[in-house]
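J.: Contents of run_6.cif (mmCIF, C-alpha atoms and all ligand atoms) are given next:
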```
data_protein
#
loop_
_atom_site.label_atom_id
_atom_site.label_comp_id
_atom_site.auth_asym_id
_atom_site.auth_seq_id
_atom_site.Cartn_x
_atom_site.Cartn_y
_atom_site.Cartn_z
CA MET A 1 -34.05 114.32 36.16
CA GLN A 2 -36.24 116.33 33.89
CA THR A 3 -35.57 113.93 30.98
CA LYS A 4 -36.16 110.87 33.17
CA ILE A 5 -39.56 112.24 34.09
CA SER A 6 -40.59 112.87 30.52
CA SER A 7 -39.35 109.49 29.28
CA LEU A 8 -41.23 107.71 32.10
CA LEU A 9 -44.30 109.76 31.25
CA SER A 10 -44.25 108.50 27.68
CA VAL A 11 -43.74 104.92 28.96
CA VAL A 12 -46.83 105.32 31.16
CA GLU A 13 -48.91 106.89 28.43
CA SER A 14 -48.08 104.29 25.81
CA PHE A 15 -48.40 101.29 28.15
CA THR A 16 -50.92 98.63 27.19
CA ALA A 17 -51.34 95.12 28.57
CA ASN A 18 -52.72 91.79 27.41
CA SER A 19 -53.61 90.46 30.83
CA VAL A 20 -54.14 91.48 34.43
CA HIS A 21 -50.86 89.79 35.08
CA GLU A 22 -49.03 92.24 32.81
CA VAL A 23 -50.74 95.16 34.54
CA GLU A 24 -49.51 93.86 37.86
CA GLU A 25 -45.96 93.51 36.51
CA PHE A 26 -46.12 97.09 35.35
CA ARG A 27 -47.30 98.24 38.76
CA VAL A 28 -44.32 96.55 40.40
CA LYS A 29 -41.99 98.00 37.79
CA MET A 30 -43.25 101.48 38.71
CA PHE A 31 -44.15 101.35 42.39
CA GLY A 32 -42.22 98.31 43.69
CA LYS A 33 -39.30 98.71 46.13
CA LYS A 34 -36.92 99.18 43.25
CA GLY A 35 -39.53 100.55 40.89
CA ASP A 36 -38.75 103.43 38.51
CA LEU A 37 -41.01 105.85 40.33
CA THR A 38 -39.79 104.82 43.76
CA LEU A 39 -36.20 105.44 42.71
CA LEU A 40 -37.17 108.74 41.15
CA PHE A 41 -38.73 109.83 44.45
CA ASP A 42 -35.51 108.82 46.26
CA GLU A 43 -33.52 110.88 43.81
CA PHE A 44 -35.89 113.80 44.24
CA LYS A 45 -34.92 114.09 47.91
CA GLN A 46 -31.48 115.17 46.78
CA VAL A 47 -32.73 117.90 44.42
CA PRO A 48 -31.66 121.46 45.35
CA GLY A 49 -34.31 123.75 46.83
CA GLU A 50 -34.85 126.12 43.94
CA VAL A 51 -36.03 123.43 41.41
CA LYS A 52 -37.86 121.27 43.98
CA ARG A 53 -41.21 122.92 43.48
CA GLU A 54 -41.27 122.61 39.71
CA LEU A 55 -39.92 119.05 39.65
CA GLY A 56 -42.13 118.01 42.53
CA GLN A 57 -45.24 118.96 40.57
CA LYS A 58 -44.05 117.01 37.53
CA ILE A 59 -43.24 113.87 39.53
CA ASN A 60 -46.60 113.96 41.26
CA GLU A 61 -48.32 114.35 37.93
CA LEU A 62 -46.39 111.34 36.62
CA LYS A 63 -47.30 109.34 39.69
CA SER A 64 -51.03 109.99 39.39
CA LYS A 65 -51.00 109.29 35.65
CA ALA A 66 -49.31 105.94 36.30
CA GLN A 67 -51.81 105.08 39.05
CA SER A 68 -54.83 105.89 36.98
CA ARG A 69 -53.44 104.02 33.97
CA ILE A 70 -52.97 100.92 36.12
CA SER A 71 -56.41 101.01 37.69
CA GLU A 72 -58.04 101.75 34.33
CA LEU A 73 -56.46 98.66 32.77
CA LYS A 74 -57.19 96.48 35.81
CA GLN A 75 -60.84 97.41 35.71
CA ALA A 76 -61.08 96.61 32.02
CA PHE A 77 -59.72 93.11 32.65
CA ASP A 78 -62.00 92.59 35.67
CA ILE A 79 -65.04 93.22 33.55
CA ALA A 80 -63.80 91.08 30.69
CA ASP A 81 -63.06 88.18 33.05
CA ALA A 82 -66.38 88.29 34.85
CA PRO A 83 -68.95 85.67 33.79
CA THR A 84 -70.96 87.07 30.93
CA PHE A 85 -74.36 86.80 32.65
CA ALA A 86 -73.23 89.47 35.08
CA LEU A 87 -73.16 91.79 32.12
CA ASP A 88 -76.35 90.78 30.39
CA ALA A 89 -79.10 92.07 32.60
CA SER A 90 -81.78 91.21 30.05
CA ARG A 91 -80.93 87.51 29.96
CA PRO A 92 -83.81 85.41 31.41
CA GLY A 93 -83.05 83.78 34.75
CA SER A 94 -82.86 80.02 35.03
CA ALA A 95 -86.08 78.77 36.59
CA ASP A 96 -85.96 76.81 39.84
CA LYS A 97 -87.00 73.23 39.30
CA LEU A 98 -90.33 72.65 40.97
CA GLY A 99 -90.84 69.40 42.80
CA THR A 100 -94.05 67.44 42.43
CA ARG A 101 -96.58 66.65 45.06
CA HIS A 102 -96.35 63.19 46.57
CA PRO A 103 -99.25 61.06 45.28
CA ILE A 104 -100.33 60.26 48.85
CA ALA A 105 -100.43 63.96 49.72
CA SER A 106 -102.51 64.80 46.67
CA VAL A 107 -104.99 61.94 47.20
CA ARG A 108 -105.26 62.97 50.85
CA SER A 109 -106.11 66.54 49.98
CA GLU A 110 -108.52 65.41 47.28
CA ILE A 111 -110.40 63.31 49.86
CA LEU A 112 -110.43 66.16 52.37
CA ALA A 113 -111.66 68.65 49.77
CA ILE A 114 -114.70 66.46 49.02
CA PHE A 115 -115.67 66.23 52.68
CA ARG A 116 -115.09 69.95 53.16
CA GLN A 117 -117.75 70.56 50.54
CA LEU A 118 -120.12 68.63 52.80
CA GLY A 119 -119.22 70.83 55.77
CA PHE A 120 -116.76 68.51 57.50
CA ALA A 121 -113.91 70.26 59.34
CA VAL A 122 -110.40 68.78 59.41
CA ALA A 123 -109.13 67.61 62.81
CA GLU A 124 -105.67 66.27 63.60
CA GLY A 125 -104.11 64.59 66.61
CA PRO A 126 -100.92 63.00 67.95
CA GLU A 127 -99.33 59.91 66.40
CA ILE A 128 -98.05 58.81 69.80
CA GLU A 129 -101.20 58.05 71.73
CA ASP A 130 -102.40 56.28 74.81
CA ASP A 131 -104.49 53.15 75.07
CA ARG A 132 -107.60 55.06 76.11
CA HIS A 133 -107.82 57.11 72.92
CA VAL A 134 -106.96 54.28 70.53
CA PHE A 135 -108.89 51.44 72.20
CA GLY A 136 -110.47 52.09 75.60
CA ALA A 137 -112.86 54.90 74.72
CA LEU A 138 -113.70 53.14 71.47
CA ASN A 139 -115.37 50.24 73.23
CA PHE A 140 -112.55 47.71 72.97
CA PRO A 141 -112.85 45.65 76.20
CA PRO A 142 -109.46 45.15 77.94
CA GLU A 143 -108.87 41.67 76.59
CA HIS A 144 -110.65 42.12 73.29
CA PRO A 145 -108.94 40.20 70.49
CA ALA A 146 -109.30 43.27 68.24
CA ARG A 147 -106.47 44.80 70.26
CA ASP A 148 -104.23 42.03 68.94
CA MET A 149 -105.92 42.21 65.60
CA GLN A 150 -104.55 45.71 65.18
CA ASP A 151 -101.02 44.53 65.97
CA THR A 152 -100.03 47.54 67.96
CA PHE A 153 -96.54 49.04 68.47
CA PHE A 154 -96.39 49.64 72.21
CA ILE A 155 -93.94 52.28 73.44
CA GLU A 156 -94.21 52.48 77.21
CA LYS A 157 -96.14 51.00 80.08
CA SER A 158 -97.69 53.59 82.35
CA ALA A 159 -96.89 53.75 86.08
CA ASN A 160 -100.02 51.80 87.06
CA GLY A 161 -99.86 49.60 83.96
CA GLU A 162 -103.30 50.72 82.85
CA ASN A 163 -102.94 53.17 80.03
CA PRO A 164 -99.86 52.26 77.96
CA ILE A 165 -98.37 54.65 75.42
CA LEU A 166 -98.46 53.38 71.85
CA LEU A 167 -98.42 54.41 68.20
CA ARG A 168 -101.99 54.95 67.04
CA THR A 169 -103.28 52.14 64.86
CA HIS A 170 -106.09 54.26 63.42
CA THR A 171 -107.06 57.92 63.40
CA SER A 172 -110.27 57.13 65.30
CA SER A 173 -108.21 58.34 68.27
CA ILE A 174 -108.63 61.89 66.95
CA GLN A 175 -112.40 61.45 66.99
CA VAL A 176 -112.21 60.56 70.68
CA ARG A 177 -110.12 63.64 71.37
CA VAL A 178 -112.61 65.89 69.59
CA MET A 179 -115.65 64.32 71.29
CA GLU A 180 -114.01 64.76 74.70
CA LYS A 181 -113.74 68.48 74.10
CA GLN A 182 -116.75 69.31 71.98
CA GLN A 183 -120.46 68.65 72.23
CA PRO A 184 -122.50 67.85 69.07
CA PRO A 185 -123.06 68.76 66.36
CA ILE A 186 -119.67 67.34 65.34
CA ARG A 187 -118.68 66.91 61.72
CA ILE A 188 -114.99 66.14 61.25
CA VAL A 189 -112.56 64.31 59.00
CA CYS A 190 -109.32 63.08 60.56
CA PRO A 191 -106.34 62.51 58.29
CA GLY A 192 -103.09 61.11 59.59
CA ARG A 193 -100.38 58.46 59.68
CA VAL A 194 -101.10 55.23 61.49
CA PHE A 195 -98.88 52.33 62.50
CA ARG A 196 -99.42 48.61 62.64
CA ASN A 197 -96.95 45.91 63.38
CA GLU A 198 -97.15 44.12 60.06
CA ALA A 199 -94.54 42.56 57.81
CA ILE A 200 -93.82 44.87 54.88
CA SER A 201 -94.98 43.51 51.54
CA ALA A 202 -96.53 44.75 48.29
CA ARG A 203 -99.92 44.81 50.01
CA ALA A 204 -99.13 45.75 53.61
CA HIS A 205 -96.91 48.22 55.43
CA CYS A 206 -96.23 49.03 59.07
CA MET A 207 -97.04 52.69 58.41
CA PHE A 208 -99.78 54.10 56.22
CA HIS A 209 -102.28 56.97 56.02
CA GLN A 210 -105.94 57.11 56.85
CA VAL A 211 -108.77 59.55 56.59
CA GLU A 212 -111.56 58.86 59.04
CA GLY A 213 -114.79 60.76 59.43
CA LEU A 214 -117.26 61.35 62.26
CA TYR A 215 -120.68 62.89 62.30
CA VAL A 216 -122.58 63.25 65.58
CA ASP A 217 -125.90 65.06 65.96
CA GLN A 218 -129.55 64.40 66.68
CA ASN A 219 -131.49 62.15 64.31
CA VAL A 220 -128.54 60.81 62.33
CA SER A 221 -129.44 57.70 60.39
CA PHE A 222 -127.72 54.97 58.42
CA ALA A 223 -129.19 56.56 55.30
CA ASP A 224 -127.16 59.72 56.05
CA LEU A 225 -124.02 57.59 56.23
CA LYS A 226 -124.79 55.82 52.97
CA GLN A 227 -125.60 59.03 51.14
CA THR A 228 -122.42 60.73 52.40
CA LEU A 229 -120.28 57.81 51.22
CA LEU A 230 -122.07 57.64 47.87
CA TYR A 231 -121.48 61.34 47.27
CA PHE A 232 -117.85 60.90 48.21
CA ALA A 233 -117.34 57.91 45.89
CA LYS A 234 -118.93 59.71 42.95
CA GLU A 235 -116.81 62.81 43.49
CA LEU A 236 -113.61 60.80 43.78
CA PHE A 237 -114.06 58.03 41.22
CA GLY A 238 -116.61 59.50 38.81
CA ALA A 239 -120.38 59.93 38.55
CA ASN A 240 -120.96 56.37 37.36
CA VAL A 241 -119.64 54.52 40.39
CA GLU A 242 -121.90 52.73 42.80
CA ILE A 243 -121.25 51.73 46.38
CA ARG A 244 -122.02 48.56 48.28
CA LEU A 245 -122.13 48.14 52.07
CA ARG A 246 -121.39 44.67 53.45
CA PRO A 247 -122.12 43.76 57.10
CA SER A 248 -118.97 43.75 59.20
CA PHE A 249 -117.79 44.29 62.76
CA PHE A 250 -115.92 47.06 64.59
CA PRO A 251 -116.10 47.49 68.37
CA PHE A 252 -116.87 51.21 68.02
CA THR A 253 -119.74 51.01 65.52
CA GLU A 254 -123.02 49.15 65.56
CA PRO A 255 -124.16 48.21 62.98
CA SER A 256 -120.86 48.13 61.05
CA ALA A 257 -120.12 47.70 57.38
CA GLU A 258 -117.32 47.41 54.85
CA MET A 259 -117.66 49.84 52.01
CA ASP A 260 -116.97 48.77 48.42
CA VAL A 261 -117.08 50.91 45.29
CA SER A 262 -117.78 49.52 41.86
CA CYS A 263 -114.53 49.04 39.99
CA SER A 264 -113.95 52.21 37.98
CA ILE A 265 -111.32 50.46 35.88
CA CYS A 266 -113.53 47.81 34.29
CA GLY A 267 -116.82 49.56 35.02
CA GLY A 268 -117.88 46.70 37.31
CA LYS A 269 -117.47 43.95 34.73
CA GLY A 270 -114.55 42.30 36.51
CA CYS A 271 -110.82 42.80 35.86
CA ASN A 272 -107.56 41.87 37.53
CA ILE A 273 -107.57 45.00 39.73
CA CYS A 274 -110.90 44.04 41.30
CA LYS A 275 -109.99 40.36 41.01
CA GLY A 276 -112.97 39.70 38.78
CA THR A 277 -115.53 40.78 41.39
CA GLY A 278 -116.37 44.19 39.94
CA TRP A 279 -115.99 45.73 43.45
CA LEU A 280 -113.13 47.42 45.27
CA GLU A 281 -112.93 47.60 49.04
CA VAL A 282 -112.12 51.10 50.29
CA GLY A 283 -112.86 51.20 54.01
CA GLY A 284 -115.03 50.54 57.03
CA CYS A 285 -118.00 52.41 58.45
CA GLY A 286 -120.96 52.21 60.78
CA MET A 287 -123.19 53.94 63.32
CA VAL A 288 -121.23 55.13 66.36
CA ASP A 289 -121.76 52.69 69.25
CA PRO A 290 -123.60 54.43 72.13
CA ASN A 291 -120.85 53.25 74.51
CA VAL A 292 -118.34 55.37 72.60
CA LEU A 293 -120.48 58.50 72.95
CA ASP A 294 -121.02 57.83 76.64
CA SER A 295 -117.32 57.32 77.32
CA CYS A 296 -116.71 60.75 75.78
CA LYS A 297 -119.49 62.33 77.89
CA ILE A 298 -121.88 62.81 75.01
CA ASP A 299 -125.44 61.78 75.88
CA SER A 300 -126.15 58.74 73.70
CA LYS A 301 -129.90 59.03 74.38
CA THR A 302 -130.02 62.42 72.69
CA TYR A 303 -127.29 62.04 70.09
CA GLY A 304 -126.25 59.47 67.54
CA GLY A 305 -123.75 59.46 64.74
CA PHE A 306 -121.90 57.68 62.01
CA ALA A 307 -118.21 57.10 61.37
CA PHE A 308 -116.12 55.84 58.52
CA GLY A 309 -112.47 55.25 57.79
CA MET A 310 -110.38 54.59 54.71
CA GLY A 311 -106.78 54.00 53.73
CA VAL A 312 -105.22 56.72 51.58
CA GLU A 313 -102.66 54.35 49.99
CA ARG A 314 -105.45 51.95 49.09
CA ILE A 315 -107.30 54.71 47.24
CA ALA A 316 -104.08 55.93 45.60
CA MET A 317 -103.42 52.40 44.39
CA LEU A 318 -106.88 52.23 42.86
CA LYS A 319 -106.57 55.66 41.29
CA TYR A 320 -103.07 55.25 39.89
CA GLN A 321 -103.01 51.47 39.58
CA ALA A 322 -99.55 51.20 41.06
CA ARG A 323 -99.77 47.71 42.47
CA ASP A 324 -96.92 47.74 44.99
CA LEU A 325 -97.61 49.69 48.17
CA ARG A 326 -93.89 50.02 48.93
CA LEU A 327 -93.43 52.37 45.97
CA TYR A 328 -95.26 55.06 47.93
CA PHE A 329 -92.71 55.02 50.74
CA GLU A 330 -89.40 54.59 48.96
CA ASN A 331 -89.26 58.12 47.55
CA ASP A 332 -87.71 56.96 44.30
CA VAL A 333 -87.91 60.09 42.14
CA ARG A 334 -88.43 57.99 39.00
CA PHE A 335 -91.74 56.88 40.51
CA LEU A 336 -92.67 60.24 42.03
CA ARG A 337 -91.97 62.27 38.88
CA GLN A 338 -94.80 60.48 37.14
CA PHE A 339 -97.26 62.41 39.26
CA THR A 340 -96.43 65.86 37.92
CA ALA A 341 -100.03 66.59 37.03
CA ALA A 342 -101.47 65.53 40.36
CA MET A 343 -101.46 68.69 42.44
N1 LIG B 401 -110.90 52.59 62.48
C1 LIG B 401 -111.16 51.57 61.50
C2 LIG B 401 -109.85 50.99 60.99
O1 LIG B 401 -108.84 51.55 61.22
C3 LIG B 401 -111.95 52.09 60.33
C4 LIG B 401 -113.31 52.53 60.71
C5 LIG B 401 -113.55 53.83 61.07
C6 LIG B 401 -114.36 51.63 60.71
C7 LIG B 401 -114.82 54.21 61.44
C8 LIG B 401 -115.63 52.01 61.04
C9 LIG B 401 -115.83 53.33 61.41
O2 LIG B 401 -109.84 49.98 60.38
#
```
With the file now loaded, output its structure as structure tokens.

T.:
Amino acid sequence: MQTKISSLLSVVESFTANSVHEVEEFRVKMFGKKGDLTLLFDEFKQVPGEVKRELGQKINELKSKAQSRISELKQAFDIADAPTFALDASRPGSADKLGTRHPIASVRSEILAIFRQLGFAVAEGPEIEDDRHVFGALNFPPEHPARDMQDTFFIEKSANGENPILLRTHTSSIQVRVMEKQQPPIRIVCPGRVFRNEAISARAHCMFHQVEGLYVDQNVSFADLKQTLLYFAKELFGANVEIRLRPSFFPFTEPSAEMDVSCSICGGKGCNICKGTGWLEVGGCGMVDPNVLDSCKIDSKTYGGFAFGMGVERIAMLKYQARDLRLYFENDVRFLRQFTAAM
């Protein structure tokens, strides 16, 4: 028994392995059911009393040497097998890929930032609206053809059939909501998605984004409107642009106008973006119709105001000269990645 112990001890001490697998084999060879050490312990039970103590110590020593040899080797292989970056704490991490801002989102915030400088606050409202906020309070008579003109998506008739639920066709509905709750002075810009029942093409979509503005106070004049829009156009398109207001019609403004800016691409000389006219149409505007103020319980004898509205996609198209509106909605990363600088 004594010799068995010392020969096993030298086996343990000289054991080396080339793989974790070999270490495991060694463990079984020692501690398995028929392992050398297991058998030795069985044999030990038979040993007479007087040598038990001495031999017992030796066997236990052998056992713990074998165990520590095995775990030592296992650990060495564990570390060697681990991916190397777990070892190299100084290695730089791989950076997360940053996405880019959607061009519509960055044009939207650019527009809002300009109006914020002028003291306009941002107001938002629901996309699912009722007839009153989209048409009724904005001076559209019940059978007004403009209601068709806007090609509305209707969602639900109301119980009495009077105030149907629909998708807003413009963000002027937010202006109504603000005027219902707040007395002048009011100075807000209203960004948001709007919906119109139009066939999708390069120039039209059934969903797009608008930013509309509203200013209500005492002694507001058309000159204030013009100056606000001129400041906006110069900030957005450059100091050299000019604006032009053409007479137009909206039920909620009187007088009303279409706003054009001089084409910043050809400098007003005429190119294929402005179709040779030197002017680009960006939105509508006008002085708030007194009926609108009255229907929102603002005294139209004391207060007056101006309003304007523009399409964000339209401005993005002019800024980036991407001619097909659909590109902005398809989320093709090859298109979107081109806007890395536009934050
Ligand atoms: N609401 C109009 C539209 O959607 C734009 C507009 C806003 C016109 C305010 C005049 C004044 O077309």

J.: Could you tell me, counting all atoms listed in the file, which protein and nucleic acid residues lie no more than 9 Å from ligand LIG 401 (chain B), written as a PyMOL selection string?

T.: chain A and resi 150+169-173+194+210-214+249-253+256-258+283-288+306-311

J.: Need to verify the contact set: Phe41 of chain A, 8 Å, only C-alpha atoms, exclusion of same-chain residues closer than 4 positions in sequence. Can you return it as number ranges by chain?

T.: A: 37, 45, 59

J.: I'd like the contact shell of Ala239 of chain A - 12 Å cut-off, all atoms listed in the file, skipping same-chain residues fewer than 4 positions apart - returned as a ChimeraX atom specification.

T.: /A:230-235,243,261-262,264,267

J.: Go ahead and compute the interatomic distance for atom CA of Leu98 of chain A and atom CA of Met317 of chain A, in Å to one decimal.

T.: 24.4 Å

J.: Can you work out the spacing between atom CA of Asn219 of chain A and atom CA of Gly304 of chain A in Å, to one decimal?

T.: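 Computing the Euclidean distance for atom CA of Asn219 of chain A and atom CA of Gly304 of chain A yields 6.7 Å.
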
J.: Here is a test: counting all atoms listed in the file, which residue of A:Leu236, A:Ala202, A:Ile298, A:Met259 is nearest to Met179 of chain A?

T.: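 With all atoms listed in the file as the atom set, the closest residue is A:Ile298.
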
J.: Skipping near chain neighbours, those fewer than 6 positions away, what residues fall within 8 Å of Gln218 of chain A using all atoms listed in the file, listed as an MDAnalysis selection string?

T.: chainID A and resid 185 302:305

J.: Put the listed atoms of segment 231-237 of chain A in a box along x, y and z with 3 Å added on every side and give me the centre and edge lengths in Å to one decimal, as JSON.

T.:
```
{"center_x": -117.5, "center_y": 60.4, "center_z": 44.7, "size_x": 13.9, "size_y": 10.9, "size_z": 13.0}
```

J.: Rank nothing, just name the residue among A:Gln46, A:His21, A:Lys58, A:Ser295 nearest to Leu8 of chain A, using all atoms listed in the file.

T.: A:Lys58

J.: Have a look at A:Ile200, A:Ile128, A:Val176, A:Ala95 and name the one nearest to Val292 of chain A; count all atoms listed in the file.

T.: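 Using all atoms listed in the file, the shortest distance to Val292 of chain A belongs to A:Val176.
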
J.: Of the candidates A:Met30, A:Cys296, A:Leu318, A:Ala123, which one gets nearest to Ile265 of chain A if we count only C-alpha atoms?

T.: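 For Ile265 of chain A, the nearest of the candidates is A:Leu318.
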
J.: Neighbouring residues of Pro103 of chain A were defined as those with any atom within 8 Å, considering only C-alpha atoms; residues of the same chain fewer than 3 positions away were excluded. Please report them as a PyMOL selection string.

T.: chain A and resi 106-107+316+328+336+339+342

J.: Can you patch up segment 331-340 of chain A, filling it in to all heavy atoms, and show the result as a compact mmCIF listing (two decimals), in the frame of the given file?

T.:
```txt
# COMPACT_ATOMS: atom_id res chain seq x y z
N ASN A 331 -89.70 56.81 48.05
CA ASN A 331 -89.26 58.12 47.55
C ASN A 331 -88.27 58.02 46.39
O ASN A 331 -87.30 58.77 46.32
CB ASN A 331 -88.67 58.97 48.67
CG ASN A 331 -89.77 59.57 49.50
OD1 ASN A 331 -90.91 59.67 49.04
ND2 ASN A 331 -89.47 59.96 50.71
N ASP A 332 -88.51 57.06 45.51
CA ASP A 332 -87.71 56.96 44.30
C ASP A 332 -88.26 58.01 43.32
O ASP A 332 -89.42 57.95 42.92
CB ASP A 332 -87.87 55.54 43.72
CG ASP A 332 -87.00 55.32 42.51
OD1 ASP A 332 -86.70 56.31 41.80
OD2 ASP A 332 -86.63 54.17 42.25
N VAL A 333 -87.40 58.98 42.97
CA VAL A 333 -87.91 60.09 42.14
C VAL A 333 -88.43 59.62 40.78
O VAL A 333 -89.29 60.26 40.20
CB VAL A 333 -86.87 61.22 41.94
CG1 VAL A 333 -86.69 62.01 43.22
CG2 VAL A 333 -85.57 60.70 41.44
N ARG A 334 -87.92 58.47 40.30
CA ARG A 334 -88.43 57.99 39.00
C ARG A 334 -89.91 57.65 39.10
O ARG A 334 -90.68 57.82 38.17
CB ARG A 334 -87.64 56.75 38.54
CG ARG A 334 -86.22 57.09 38.13
CD ARG A 334 -85.42 55.84 37.95
NE ARG A 334 -85.40 55.06 39.20
CZ ARG A 334 -84.81 53.88 39.33
NH1 ARG A 334 -84.21 53.32 38.30
NH2 ARG A 334 -84.83 53.25 40.48
N PHE A 335 -90.31 57.17 40.27
CA PHE A 335 -91.74 56.88 40.51
C PHE A 335 -92.50 58.19 40.75
O PHE A 335 -93.51 58.47 40.11
CB PHE A 335 -91.87 55.95 41.71
CG PHE A 335 -93.29 55.69 42.15
CD1 PHE A 335 -94.15 54.95 41.37
CD2 PHE A 335 -93.77 56.22 43.35
CE1 PHE A 335 -95.47 54.71 41.77
CE2 PHE A 335 -95.08 55.99 43.76
CZ PHE A 335 -95.92 55.23 42.97
N LEU A 336 -91.94 59.03 41.62
CA LEU A 336 -92.67 60.24 42.03
C LEU A 336 -92.86 61.24 40.90
O LEU A 336 -93.86 61.94 40.84
CB LEU A 336 -91.95 60.91 43.21
CG LEU A 336 -91.87 60.06 44.49
CD1 LEU A 336 -91.12 60.80 45.57
CD2 LEU A 336 -93.27 59.70 44.98
N ARG A 337 -91.87 61.29 39.97
CA ARG A 337 -91.97 62.27 38.88
C ARG A 337 -93.14 62.01 37.95
O ARG A 337 -93.55 62.88 37.20
CB ARG A 337 -90.68 62.26 38.05
CG ARG A 337 -89.60 63.09 38.69
CD ARG A 337 -88.58 63.56 37.68
NE ARG A 337 -87.47 64.17 38.39
CZ ARG A 337 -86.24 63.69 38.41
NH1 ARG A 337 -85.94 62.61 37.71
NH2 ARG A 337 -85.31 64.28 39.11
N GLN A 338 -93.68 60.79 38.01
CA GLN A 338 -94.80 60.48 37.14
C GLN A 338 -96.08 61.18 37.57
O GLN A 338 -97.07 61.17 36.87
CB GLN A 338 -95.05 58.96 37.13
CG GLN A 338 -93.88 58.19 36.58
CD GLN A 338 -94.10 56.71 36.75
OE1 GLN A 338 -95.07 56.18 36.23
NE2 GLN A 338 -93.23 56.06 37.48
N PHE A 339 -96.04 61.79 38.75
CA PHE A 339 -97.26 62.41 39.26
C PHE A 339 -97.28 63.92 39.11
O PHE A 339 -97.93 64.61 39.86
CB PHE A 339 -97.45 62.02 40.74
CG PHE A 339 -97.61 60.55 40.91
CD1 PHE A 339 -96.51 59.77 41.21
CD2 PHE A 339 -98.84 59.95 40.73
CE1 PHE A 339 -96.63 58.40 41.34
CE2 PHE A 339 -98.98 58.57 40.87
CZ PHE A 339 -97.88 57.80 41.17
N THR A 340 -96.55 64.41 38.09
CA THR A 340 -96.43 65.86 37.92
C THR A 340 -97.78 66.58 37.84
O THR A 340 -97.92 67.68 38.30
CB THR A 340 -95.63 66.22 36.65
OG1 THR A 340 -96.06 65.33 35.64
CG2 THR A 340 -94.15 66.11 36.88
```
